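Undergrad: Here you go, my_file.txt (compact mmCIF, C-alpha atoms):
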```txt
# COMPACT_ATOMS: atom_id res chain seq x y z
CA MET A 1 0.00 0.00 0.00
CA THR A 2 1.45 3.35 -1.02
CA ALA A 3 1.31 6.58 0.95
CA GLY A 4 -1.00 8.00 -1.73
CA GLU A 5 -3.45 5.17 -1.22
CA VAL A 6 -3.41 5.74 2.50
CA ARG A 7 -4.18 9.41 2.05
CA ARG A 8 -7.04 8.53 -0.27
CA GLY A 9 -8.47 6.34 2.44
CA VAL A 10 -7.87 2.97 0.82
CA ALA A 11 -7.41 0.82 3.93
CA ALA A 12 -7.29 -2.82 4.75
CA SER A 13 -9.11 -4.31 7.74
CA SER A 14 -7.47 -4.38 11.14
CA GLU A 15 -7.02 -8.14 10.83
CA GLY A 16 -4.39 -7.44 8.14
CA VAL A 17 -1.90 -6.15 10.71
CA ASP A 18 0.63 -8.97 10.83
CA PRO A 19 3.78 -9.33 12.97
CA ALA A 20 6.05 -7.99 10.22
CA LEU A 21 4.04 -4.79 9.89
CA ALA A 22 3.93 -4.35 13.67
CA ARG A 23 7.71 -4.65 13.81
CA GLU A 24 8.29 -2.24 10.93
CA THR A 25 5.98 0.37 12.44
CA TRP A 26 7.74 0.13 15.79
CA ARG A 27 11.16 0.30 14.08
CA LEU A 28 10.38 3.48 12.19
CA VAL A 29 9.22 5.35 15.29
CA GLU A 30 11.70 3.95 17.81
CA PRO A 31 14.52 6.52 17.35
CA LEU A 32 12.16 9.18 18.71
CA HIS A 33 12.05 7.29 21.99
CA ALA A 34 15.51 5.73 22.14
CA MET A 35 17.36 9.03 21.85
CA ILE A 36 16.57 9.73 25.54
CA TYR A 37 19.19 7.15 26.55
CA PHE A 38 21.98 9.05 24.78
CA THR A 39 21.10 12.72 24.53
CA PRO A 40 23.20 15.15 26.59
CA GLU A 41 20.03 16.91 27.73
CA ALA A 42 19.11 13.83 29.77
CA ARG A 43 22.60 13.33 31.17
CA ASP A 44 22.78 16.96 32.28
CA ARG A 45 19.38 16.96 33.97
CA TYR A 46 20.06 13.75 35.83
CA ALA A 47 23.42 15.11 36.94
CA GLU A 48 21.69 18.21 38.31
CA LEU A 49 19.69 15.84 40.53
CA GLY A 50 22.87 14.11 41.69
CA LEU A 51 22.49 11.07 39.44
CA ARG A 52 25.63 10.40 37.45
CA GLY A 53 26.63 7.73 34.98
CA GLN A 54 24.32 4.75 34.72
CA ALA A 55 22.37 5.87 37.81
CA GLY A 56 20.41 8.31 35.65
CA TYR A 57 19.43 5.61 33.18
CA PHE A 58 18.29 3.09 35.76
CA ALA A 59 16.45 5.63 37.91
CA SER A 60 14.69 7.37 35.01
CA ARG A 61 13.42 4.18 33.41
CA ALA A 62 12.52 2.50 36.70
CA ALA A 63 10.87 5.57 38.21
CA ALA A 64 7.52 4.54 36.74
CA PHE A 65 7.46 1.84 39.43
CA GLY A 66 7.97 4.38 42.20
CA ARG A 67 10.85 3.60 44.58
CA ALA A 68 11.79 0.42 42.74
CA SER A 69 14.10 -2.12 44.35
CA ALA A 70 17.25 -3.36 42.65
CA GLU A 71 15.58 -6.78 42.32
CA THR A 72 12.66 -5.24 40.40
CA VAL A 73 15.05 -3.54 37.99
CA VAL A 74 17.17 -6.68 37.53
CA ALA A 75 14.05 -8.69 36.74
CA THR A 76 12.37 -6.25 34.36
CA PHE A 77 15.38 -4.73 32.59
CA TYR A 78 16.56 -8.34 32.20
CA ASN A 79 19.97 -8.19 30.52
CA PHE A 80 21.97 -5.93 32.84
CA SER A 81 24.46 -7.28 35.33
CA PRO A 82 22.81 -7.34 38.78
CA ALA A 83 25.98 -5.82 40.23
CA MET A 84 25.67 -2.88 37.85
CA VAL A 85 22.05 -2.34 38.82
CA ARG A 86 22.79 -2.54 42.55
CA ARG A 87 25.39 0.21 42.28
CA ALA A 88 22.58 2.56 41.17
CA ILE A 89 19.39 1.27 42.78
CA PRO A 90 18.11 1.83 45.46
CA ALA A 91 20.81 4.46 46.21
CA ALA A 92 19.18 6.76 43.64
CA TRP A 93 16.14 7.11 45.90
CA ASP A 94 18.34 8.45 48.69
CA ILE A 95 19.30 11.27 46.32
CA THR A 96 16.02 12.15 44.66
CA GLU A 97 12.42 11.03 44.21
CA PRO A 98 10.96 9.05 41.29
CA GLU A 99 8.54 11.86 40.40
CA THR A 100 11.44 14.31 40.20
CA VAL A 101 13.38 12.00 37.90
CA LEU A 102 10.35 11.52 35.65
CA ALA A 103 9.91 15.28 35.36
CA ALA A 104 13.59 15.69 34.50
CA ARG A 105 13.33 12.97 31.87
CA LEU A 106 10.36 14.61 30.16
CA ALA A 107 12.08 18.01 30.28
CA ALA A 108 15.11 16.42 28.62
CA VAL A 109 12.90 14.92 25.91
CA ASP A 110 11.33 18.32 25.26
CA ALA A 111 14.69 20.08 25.05
CA ALA A 112 16.31 17.44 22.82
CA LEU A 113 13.42 17.23 20.36
CA ARG A 114 13.12 21.02 20.18
CA ARG A 115 16.82 21.24 19.43
CA VAL A 116 16.75 18.59 16.72
CA LEU A 117 13.34 19.03 15.11
CA GLY A 118 12.85 22.76 15.51
CA PRO A 119 9.88 24.09 13.51
CA LEU A 120 8.78 20.54 12.67
CA LEU A 121 7.39 20.24 16.20
CA GLU A 122 4.54 22.58 15.31
CA SER A 123 3.64 20.74 12.11
CA PRO A 124 0.33 18.93 11.59
CA GLU A 125 2.32 15.82 10.75
CA VAL A 126 3.72 15.59 14.30
CA ALA A 127 0.22 16.03 15.72
CA GLU A 128 -1.13 13.31 13.41
CA ALA A 129 1.71 10.94 14.31
CA ALA A 130 1.09 11.60 17.99
CA ASP A 131 -2.60 10.77 17.62
CA LEU A 132 -1.84 7.50 15.82
CA ALA A 133 0.88 6.43 18.26
CA ARG A 134 -1.36 7.23 21.21
CA ARG A 135 -4.15 5.09 19.76
CA ALA A 136 -1.73 2.17 19.49
CA ALA A 137 -0.38 2.72 23.01
CA GLU A 138 -3.86 2.93 24.50
CA ALA A 139 -4.81 -0.27 22.70
CA ALA A 140 -1.74 -1.91 24.22
CA GLY A 141 -3.01 -0.73 27.60
CA GLU A 142 -5.85 -3.21 27.29
CA HIS A 143 -3.25 -6.02 27.56
CA PRO A 144 -1.12 -5.24 30.65
CA SER A 145 -1.00 -8.73 32.15
CA GLY A 146 2.49 -10.18 32.27
CA ARG A 147 4.04 -6.85 31.17
CA PRO A 148 5.23 -5.18 34.37
CA LEU A 149 7.47 -2.45 32.97
CA PHE A 150 4.85 -1.45 30.43
CA ALA A 151 2.08 -1.53 33.04
CA ALA A 152 4.08 0.73 35.34
CA HIS A 153 4.40 3.33 32.58
CA THR A 154 0.66 3.28 31.88
CA ARG A 155 0.05 4.94 35.25
CA LEU A 156 1.92 8.08 34.15
CA ASP A 157 -0.03 11.10 32.96
CA TRP A 158 -0.08 11.88 29.26
CA PRO A 159 1.77 15.08 28.28
CA ASP A 160 -0.10 17.83 26.45
CA GLU A 161 2.15 18.85 23.57
CA PRO A 162 2.06 16.62 20.47
CA HIS A 163 5.80 15.90 20.31
CA LEU A 164 5.75 14.80 23.94
CA VAL A 165 2.62 12.72 23.37
CA LEU A 166 4.44 11.02 20.49
CA TRP A 167 7.47 10.31 22.67
CA HIS A 168 5.38 9.02 25.58
CA ALA A 169 3.31 6.79 23.28
CA GLN A 170 6.44 5.27 21.77
CA THR A 171 7.84 4.76 25.26
CA LEU A 172 4.76 2.72 26.12
CA LEU A 173 5.00 0.77 22.86
CA ARG A 174 8.68 0.08 23.43
CA GLU A 175 8.07 -1.27 26.93
CA PHE A 176 5.07 -3.27 25.68
CA ARG A 177 7.26 -4.89 23.06
CA GLY A 178 10.17 -5.31 25.45
CA ASP A 179 8.11 -7.11 28.08
CA GLY A 180 6.88 -9.45 25.37
CA HIS A 181 10.47 -10.12 24.33
CA VAL A 182 11.44 -10.97 27.90
CA ALA A 183 8.48 -13.37 28.07
CA ALA A 184 9.66 -15.13 24.90
CA LEU A 185 13.22 -15.39 26.24
CA THR A 186 11.97 -16.79 29.53
CA VAL A 187 9.90 -19.46 27.80
CA GLU A 188 13.00 -20.55 25.89
CA GLY A 189 15.19 -20.62 29.02
CA ILE A 190 17.48 -17.87 27.77
CA GLY A 191 18.71 -15.54 30.51
CA GLY A 192 19.62 -11.91 30.08
CA LEU A 193 23.34 -12.45 29.56
CA GLU A 194 22.74 -15.37 27.19
CA ALA A 195 20.39 -13.16 25.16
CA LEU A 196 23.15 -10.56 24.89
CA VAL A 197 25.68 -13.13 23.71
CA LEU A 198 23.28 -14.45 21.08
CA HIS A 199 22.64 -10.87 19.94
CA ALA A 200 26.37 -10.21 19.73
CA ALA A 201 26.81 -13.37 17.66
CA THR A 202 24.57 -11.91 14.94
CA GLY A 203 27.26 -9.31 14.26
CA THR A 204 24.77 -6.44 14.25
CA VAL A 205 26.02 -4.85 17.50
CA PRO A 206 29.67 -4.64 18.62
CA VAL A 207 30.52 -7.10 21.39
CA ASP A 208 32.49 -4.48 23.32
CA PHE A 209 29.48 -2.17 23.42
CA LEU A 210 27.20 -4.88 24.77
CA LYS A 211 29.75 -5.90 27.40
CA SER A 212 30.45 -2.38 28.63
CA SER A 213 26.89 -1.05 28.52
CA ARG A 214 25.42 -4.02 30.40
CA GLY A 215 28.17 -4.38 32.99
CA TRP A 216 29.03 -8.08 32.67
CA SER A 217 32.52 -9.30 33.55
CA ALA A 218 34.74 -11.13 31.09
CA GLU A 219 34.35 -14.27 33.21
CA ASP A 220 30.55 -14.06 33.15
CA TRP A 221 30.55 -13.52 29.40
CA ALA A 222 32.90 -16.46 28.76
CA ALA A 223 30.74 -18.74 30.90
CA ALA A 224 27.62 -17.74 28.94
CA GLU A 225 29.40 -18.45 25.65
CA GLN A 226 30.41 -21.90 26.94
CA GLU A 227 26.83 -22.66 27.99
CA LEU A 228 25.42 -21.61 24.61
CA ARG A 229 28.01 -23.71 22.77
CA ALA A 230 27.01 -26.67 24.92
CA ARG A 231 23.41 -26.07 23.88
CA GLY A 232 24.38 -26.06 20.21
CA LEU A 233 23.47 -22.40 19.63
CA LEU A 234 27.02 -21.11 19.07
CA GLU A 235 29.70 -22.53 16.82
CA PRO A 236 32.69 -24.11 18.59
CA GLY A 237 35.95 -22.19 18.69
CA ALA A 238 36.98 -18.64 19.56
CA GLU A 239 34.86 -16.89 16.92
CA LEU A 240 31.45 -15.75 18.12
CA ALA A 241 29.03 -17.13 15.53
CA LEU A 242 25.55 -18.65 15.56
CA THR A 243 24.92 -22.22 14.47
CA ASP A 244 21.94 -23.02 12.29
CA ALA A 245 20.08 -23.85 15.50
CA GLY A 246 21.17 -20.53 16.99
CA ARG A 247 19.89 -18.60 13.98
CA ALA A 248 16.61 -20.48 14.13
CA GLN A 249 16.35 -19.67 17.83
CA ARG A 250 16.96 -15.97 17.21
CA GLU A 251 14.44 -15.90 14.37
CA TRP A 252 11.80 -17.56 16.52
CA LEU A 253 12.40 -15.14 19.38
CA GLU A 254 12.10 -12.11 17.12
CA HIS A 255 9.01 -13.46 15.39
CA ARG A 256 7.34 -14.31 18.70
CA THR A 257 8.15 -10.82 19.97
CA ASP A 258 6.56 -9.37 16.84
CA GLN A 259 3.48 -11.52 17.35
CA LEU A 260 3.10 -10.37 20.93
CA SER A 261 3.26 -6.71 19.86
CA VAL A 262 0.45 -6.98 17.30
CA PRO A 263 -2.46 -6.09 19.68
CA ALA A 264 -1.16 -2.53 19.94
CA TYR A 265 -0.97 -1.94 16.19
CA ARG A 266 -4.15 -3.77 15.28
CA ALA A 267 -6.02 -0.73 16.59
CA LEU A 268 -4.57 1.31 13.71
CA GLY A 269 -5.25 -1.15 10.91
CA VAL A 270 -2.86 -1.52 8.01
CA ALA A 271 -3.44 2.01 6.74
CA GLY A 272 -2.83 3.56 10.13
CA CYS A 273 0.41 1.62 10.61
CA VAL A 274 1.66 2.63 7.19
CA ARG A 275 0.72 6.24 7.81
CA LEU A 276 2.43 6.32 11.22
CA GLY A 277 5.60 4.94 9.70
CA GLU A 278 5.43 7.47 6.89
CA LEU A 279 5.02 10.35 9.33
CA ALA A 280 7.74 9.14 11.69
CA ARG A 281 10.39 8.45 9.06
CA PRO A 282 11.66 12.04 8.58
CA LEU A 283 11.46 12.74 12.31
CA SER A 284 13.47 9.65 13.19
CA ARG A 285 15.91 10.46 10.41
CA ALA A 286 16.51 13.89 11.95
CA VAL A 287 17.22 12.30 15.34
CA VAL A 288 19.70 9.84 13.82
CA ASP A 289 21.36 12.48 11.64
CA ALA A 290 21.80 14.72 14.70
CA GLY A 291 23.92 12.01 16.30
CA LEU A 292 21.53 11.30 19.18
CA LEU A 293 21.79 7.55 18.57
CA PRO A 294 25.46 6.59 18.25
CA GLY A 295 25.90 3.63 15.95
CA TYR A 296 22.23 3.50 14.98
CA PRO A 297 21.87 2.12 11.44
CA ALA A 298 20.85 4.54 8.73
CA ARG A 299 17.24 4.29 7.65
CA SER A 300 16.03 4.60 4.08
```
Rewrite the structure from the file as structure tokens, please.
TA:
Amino acid sequence: MTAGEVRRGVAASSEGVDPALARETWRLVEPLHAMIYFTPEARDRYAELGLRGQAGYFASRAAAFGRASAETVVATFYNFSPAMVRRAIPAAWDITEPETVLAARLAAVDAALRRVLGPLLESPEVAEAADLARRAAEAAGEHPSGRPLFAAHTRLDWPDEPHLVLWHAQTLLREFRGDGHVAALTVEGIGGLEALVLHAATGTVPVDFLKSSRGWSAEDWAAAEQELRARGLLEPGAELALTDAGRAQREWLEHRTDQLSVPAYRALGVAGCVRLGELARPLSRAVVDAGLLPGYPARS
């Protein structure tokens, strides 16, 4: 379906929203959310509260729970070293309050998007994208069971301005999808570190980045590699590479994650998903081109 057909109102039924379309729609909008983990506006605001380094990340994402314990963050964030989490949580709550961190996070979003998108923020396209993304996020809200991080974010108030509505909606959709991914990993008996190693073995993300950003020791990583080789998911030897079984495992996990995200996008129908992706593409491109997502692949 072309953009012209969408604008002329030629739409398929909602049942036509398949896992591949759900994934593509999420992918095209995701840079608008993900930039908050890298933008200097967020780092600076968290530092003003006394949260430095990874403490700002863990506190800002976990604040939707309230004064979350380290165990809650380890369980729901899934692939971070527990030691890394425990260096930040619950100490963050001795420094500041969850509501204060949430306010700082939204202020950082506002500042970063205003800097990057400028006059585009006032465009009817941003308002339309915000409306579509909110419809999908609210549809996801009808399926909170088994999705703790997503459910925690649904309790937060919606912002008023369209660009912030769009960011908040994509935040909800990201956590909705992420909780589904954790569920799929759990069913398959793949822990957080093992999931990282399998991801690294695809070659799409540098191993050093995954190791440093998630806080696992060299010993922990080597033990996970050994376990995955014993399970037949990694090739033997020093090179980190998936076996045929490992590739099949990864494909199943991604497909199951896509399937579990469909209820959110079904509310838009095929035409709405296509339109949301069309509207988000230039906005996400601006975020990537501004360098807010280091190493993020270019989008066509």
Undergrad: Restricting the calculation to all atoms listed in the file: of A:Gly16, A:Gly178, A:Pro98, A:Pro148, which residue gets closest to Ala63 of chain A?
TA: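 Among A:Gly16, A:Gly178, A:Pro98, A:Pro148, it is A:Pro98 that comes nearest to Ala63 of chain A.
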Undergrad: If you count all atoms listed in the file, which residues fall within 7 Å of segment 246-257 of chain A, apart from same-chain ones fewer than 3 positions away, as a PDB file with C-alpha atoms, in the frame of the given file?
TA:
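The resulting file, part.pdb, is shown below:
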```
ATOM      1  CA  ARG A 177       7.260  -4.890  23.060  1.00  0.00           C
ATOM      2  CA  GLY A 180       6.880  -9.450  25.370  1.00  0.00           C
ATOM      3  CA  HIS A 181      10.470 -10.120  24.330  1.00  0.00           C
ATOM      4  CA  ALA A 184       9.660 -15.130  24.900  1.00  0.00           C
ATOM      5  CA  LEU A 185      13.220 -15.390  26.240  1.00  0.00           C
ATOM      6  CA  LEU A 233      23.470 -22.400  19.630  1.00  0.00           C
ATOM      7  CA  LEU A 234      27.020 -21.110  19.070  1.00  0.00           C
ATOM      8  CA  LEU A 242      25.550 -18.650  15.560  1.00  0.00           C
ATOM      9  CA  THR A 243      24.920 -22.220  14.470  1.00  0.00           C
ATOM     10  CA  LEU A 260       3.100 -10.370  20.930  1.00  0.00           C
ATOM     11  CA  SER A 261       3.260  -6.710  19.860  1.00  0.00           C
TER      12      SER A 261
END
```
Undergrad: Just give me the gap between atom CA of Ser60 of chain A and atom CA of Leu166 of chain A in Å, one decimal is fine.
TA: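 Taking atom CA of Ser60 of chain A and atom CA of Leu166 of chain A, their separation equals 18.1 Å.
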Undergrad: Restricting the calculation to all atoms listed in the file: of A:Glu41, A:Asp179, A:Asp220, A:Glu235, which residue gets closest to Ala201 of chain A?
TA: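 Of A:Glu41, A:Asp179, A:Asp220, A:Glu235, the one nearest Ala201 of chain A is A:Glu235, counting all atoms listed in the file.
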Undergrad: Rounded to one decimal in Å, what is the spacing between atom CA of Arg134 of chain A and atom CA of Ala169 of chain A?
TA: 5.1 Å
Undergrad: Segment 274-286 of chain A: which residues within 6 Å, counting all atoms listed in the file, same-chain residues fewer than 5 positions away excluded, as a list of chain:residue names?
TA: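 Neighbouring residues, sequence-local ones excluded: A:Thr25, A:Leu28, A:Val29, A:Pro31, A:Leu32, A:Ala129.
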Undergrad: Atom CA of Ala55 of chain A and atom CA of Val109 of chain A, how far apart in Å?
TA: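 These two atoms are separated by 17.7 Å.
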Undergrad: As a ChimeraX atom specification, please: the residues near Val85 of chain A (cut-off 12 Å, all atoms listed in the file, same-chain neighbours under 6 positions excluded).
TA: /A:53-59,62,68-79,91-92,213-216
Undergrad: Identify which of the residues A:Gly66, A:Gly146, A:Glu30, A:Val207 lies closest to Ala183 of chain A, counting only C-alpha atoms when measuring atom-to-atom distances.
TA: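 The closest residue to Ala183 of chain A is A:Gly146.
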Undergrad: Padding 5 Å on every side, please: axis-aligned box over the listed atoms of segment 76-90 of chain A, centre and edge lengths to one decimal in Å, as AutoDock Vina command-line options.
TA:
```
--center_x 19.2 --center_y -2.9 --center_z 38.0 --size_x 23.6 --size_y 20.9 --size_z 24.9
```
Undergrad: Leaving out segment 111-120 of chain A and any residue of its chain fewer than 3 positions from it, which residues lie within 7 Å of it when counting all atoms listed in the file, given as a ChimeraX atom specification?
TA: /A:39,41,107-108,123,286-287,290
Undergrad: Using all atoms listed in the file for the distances, tell me which of A:Ala83, A:Ala222, A:Ala103, A:Leu196 is nearest to Tyr46 of chain A.
TA: A:Ala103
Undergrad: If I only have part of segment 132-143 of chain A, can you fill in all heavy atoms and write it as a PDB file, in the coordinates of the input?
TA:
```
ATOM      1  N   LEU A 132      -1.898   8.905  16.217  1.00  0.00           N
ATOM      2  CA  LEU A 132      -1.840   7.500  15.820  1.00  0.00           C
ATOM      3  C   LEU A 132      -1.079   6.669  16.855  1.00  0.00           C
ATOM      4  O   LEU A 132      -1.531   5.588  17.258  1.00  0.00           O
ATOM      5  CB  LEU A 132      -1.184   7.364  14.455  1.00  0.00           C
ATOM      6  CG  LEU A 132      -2.008   7.822  13.258  1.00  0.00           C
ATOM      7  CD1 LEU A 132      -1.136   7.932  12.009  1.00  0.00           C
ATOM      8  CD2 LEU A 132      -3.173   6.870  13.000  1.00  0.00           C
ATOM      9  N   ALA A 133       0.079   7.177  17.283  1.00  0.00           N
ATOM     10  CA  ALA A 133       0.880   6.430  18.260  1.00  0.00           C
ATOM     11  C   ALA A 133       0.124   6.296  19.580  1.00  0.00           C
ATOM     12  O   ALA A 133       0.180   5.244  20.229  1.00  0.00           O
ATOM     13  CB  ALA A 133       2.213   7.136  18.475  1.00  0.00           C
ATOM     14  N   ARG A 134      -0.610   7.328  19.961  1.00  0.00           N
ATOM     15  CA  ARG A 134      -1.360   7.230  21.210  1.00  0.00           C
ATOM     16  C   ARG A 134      -2.469   6.192  21.105  1.00  0.00           C
ATOM     17  O   ARG A 134      -2.730   5.442  22.059  1.00  0.00           O
ATOM     18  CB  ARG A 134      -1.957   8.602  21.574  1.00  0.00           C
ATOM     19  CG  ARG A 134      -2.738   8.565  22.896  1.00  0.00           C
ATOM     20  CD  ARG A 134      -3.082   9.956  23.385  1.00  0.00           C
ATOM     21  NE  ARG A 134      -3.770   9.877  24.675  1.00  0.00           N
ATOM     22  CZ  ARG A 134      -3.983  10.917  25.475  1.00  0.00           C
ATOM     23  NH1 ARG A 134      -3.557  12.129  25.122  1.00  0.00           N
ATOM     24  NH2 ARG A 134      -4.608  10.764  26.630  1.00  0.00           N
ATOM     25  N   ARG A 135      -3.122   6.117  19.954  1.00  0.00           N
ATOM     26  CA  ARG A 135      -4.150   5.090  19.760  1.00  0.00           C
ATOM     27  C   ARG A 135      -3.556   3.699  19.930  1.00  0.00           C
ATOM     28  O   ARG A 135      -4.156   2.821  20.575  1.00  0.00           O
ATOM     29  CB  ARG A 135      -4.785   5.227  18.383  1.00  0.00           C
ATOM     30  CG  ARG A 135      -5.832   6.318  18.270  1.00  0.00           C
ATOM     31  CD  ARG A 135      -6.285   6.517  16.845  1.00  0.00           C
ATOM     32  NE  ARG A 135      -6.703   5.275  16.205  1.00  0.00           N
ATOM     33  CZ  ARG A 135      -6.854   5.121  14.892  1.00  0.00           C
ATOM     34  NH1 ARG A 135      -6.601   6.133  14.069  1.00  0.00           N
ATOM     35  NH2 ARG A 135      -7.250   3.967  14.401  1.00  0.00           N
ATOM     36  N   ALA A 136      -2.382   3.481  19.362  1.00  0.00           N
ATOM     37  CA  ALA A 136      -1.730   2.170  19.490  1.00  0.00           C
ATOM     38  C   ALA A 136      -1.347   1.901  20.944  1.00  0.00           C
ATOM     39  O   ALA A 136      -1.545   0.792  21.463  1.00  0.00           O
ATOM     40  CB  ALA A 136      -0.505   2.108  18.591  1.00  0.00           C
ATOM     41  N   ALA A 137      -0.799   2.906  21.619  1.00  0.00           N
ATOM     42  CA  ALA A 137      -0.380   2.720  23.010  1.00  0.00           C
ATOM     43  C   ALA A 137      -1.582   2.459  23.915  1.00  0.00           C
ATOM     44  O   ALA A 137      -1.505   1.636  24.838  1.00  0.00           O
ATOM     45  CB  ALA A 137       0.379   3.959  23.481  1.00  0.00           C
ATOM     46  N   GLU A 138      -2.672   3.148  23.677  1.00  0.00           N
ATOM     47  CA  GLU A 138      -3.860   2.930  24.500  1.00  0.00           C
ATOM     48  C   GLU A 138      -4.469   1.558  24.231  1.00  0.00           C
ATOM     49  O   GLU A 138      -5.011   0.916  25.143  1.00  0.00           O
ATOM     50  CB  GLU A 138      -4.865   4.053  24.267  1.00  0.00           C
ATOM     51  CG  GLU A 138      -4.384   5.376  24.876  1.00  0.00           C
ATOM     52  CD  GLU A 138      -5.333   6.540  24.622  1.00  0.00           C
ATOM     53  OE1 GLU A 138      -6.136   6.454  23.654  1.00  0.00           O
ATOM     54  OE2 GLU A 138      -5.271   7.523  25.384  1.00  0.00           O
ATOM     55  N   ALA A 139      -4.358   1.088  22.996  1.00  0.00           N
ATOM     56  CA  ALA A 139      -4.810  -0.270  22.700  1.00  0.00           C
ATOM     57  C   ALA A 139      -3.932  -1.291  23.426  1.00  0.00           C
ATOM     58  O   ALA A 139      -4.428  -2.292  23.957  1.00  0.00           O
ATOM     59  CB  ALA A 139      -4.775  -0.521  21.194  1.00  0.00           C
ATOM     60  N   ALA A 140      -2.646  -1.029  23.473  1.00  0.00           N
ATOM     61  CA  ALA A 140      -1.740  -1.910  24.220  1.00  0.00           C
ATOM     62  C   ALA A 140      -2.129  -1.938  25.690  1.00  0.00           C
ATOM     63  O   ALA A 140      -1.998  -2.976  26.362  1.00  0.00           O
ATOM     64  CB  ALA A 140      -0.295  -1.430  24.067  1.00  0.00           C
ATOM     65  N   GLY A 141      -2.629  -0.812  26.198  1.00  0.00           N
ATOM     66  CA  GLY A 141      -3.010  -0.730  27.600  1.00  0.00           C
ATOM     67  C   GLY A 141      -4.135  -1.665  27.993  1.00  0.00           C
ATOM     68  O   GLY A 141      -4.368  -1.890  29.189  1.00  0.00           O
ATOM     69  N   GLU A 142      -4.812  -2.228  27.010  1.00  0.00           N
ATOM     70  CA  GLU A 142      -5.850  -3.210  27.290  1.00  0.00           C
ATOM     71  C   GLU A 142      -5.260  -4.601  27.538  1.00  0.00           C
ATOM     72  O   GLU A 142      -5.995  -5.537  27.850  1.00  0.00           O
ATOM     73  CB  GLU A 142      -6.843  -3.270  26.124  1.00  0.00           C
ATOM     74  CG  GLU A 142      -7.572  -1.950  25.895  1.00  0.00           C
ATOM     75  CD  GLU A 142      -8.460  -1.979  24.666  1.00  0.00           C
ATOM     76  OE1 GLU A 142      -8.591  -3.072  24.058  1.00  0.00           O
ATOM     77  OE2 GLU A 142      -9.006  -0.926  24.301  1.00  0.00           O
ATOM     78  N   HIS A 143      -3.928  -4.729  27.407  1.00  0.00           N
ATOM     79  CA  HIS A 143      -3.250  -6.020  27.560  1.00  0.00           C
ATOM     80  C   HIS A 143      -2.048  -5.892  28.504  1.00  0.00           C
ATOM     81  O   HIS A 143      -0.918  -6.221  28.129  1.00  0.00           O
ATOM     82  CB  HIS A 143      -2.786  -6.534  26.192  1.00  0.00           C
ATOM     83  CG  HIS A 143      -3.862  -6.597  25.163  1.00  0.00           C
ATOM     84  ND1 HIS A 143      -4.684  -7.685  25.005  1.00  0.00           N
ATOM     85  CD2 HIS A 143      -4.275  -5.668  24.252  1.00  0.00           C
ATOM     86  CE1 HIS A 143      -5.545  -7.444  24.029  1.00  0.00           C
ATOM     87  NE2 HIS A 143      -5.328  -6.235  23.561  1.00  0.00           N
TER      88      HIS A 143
END
```
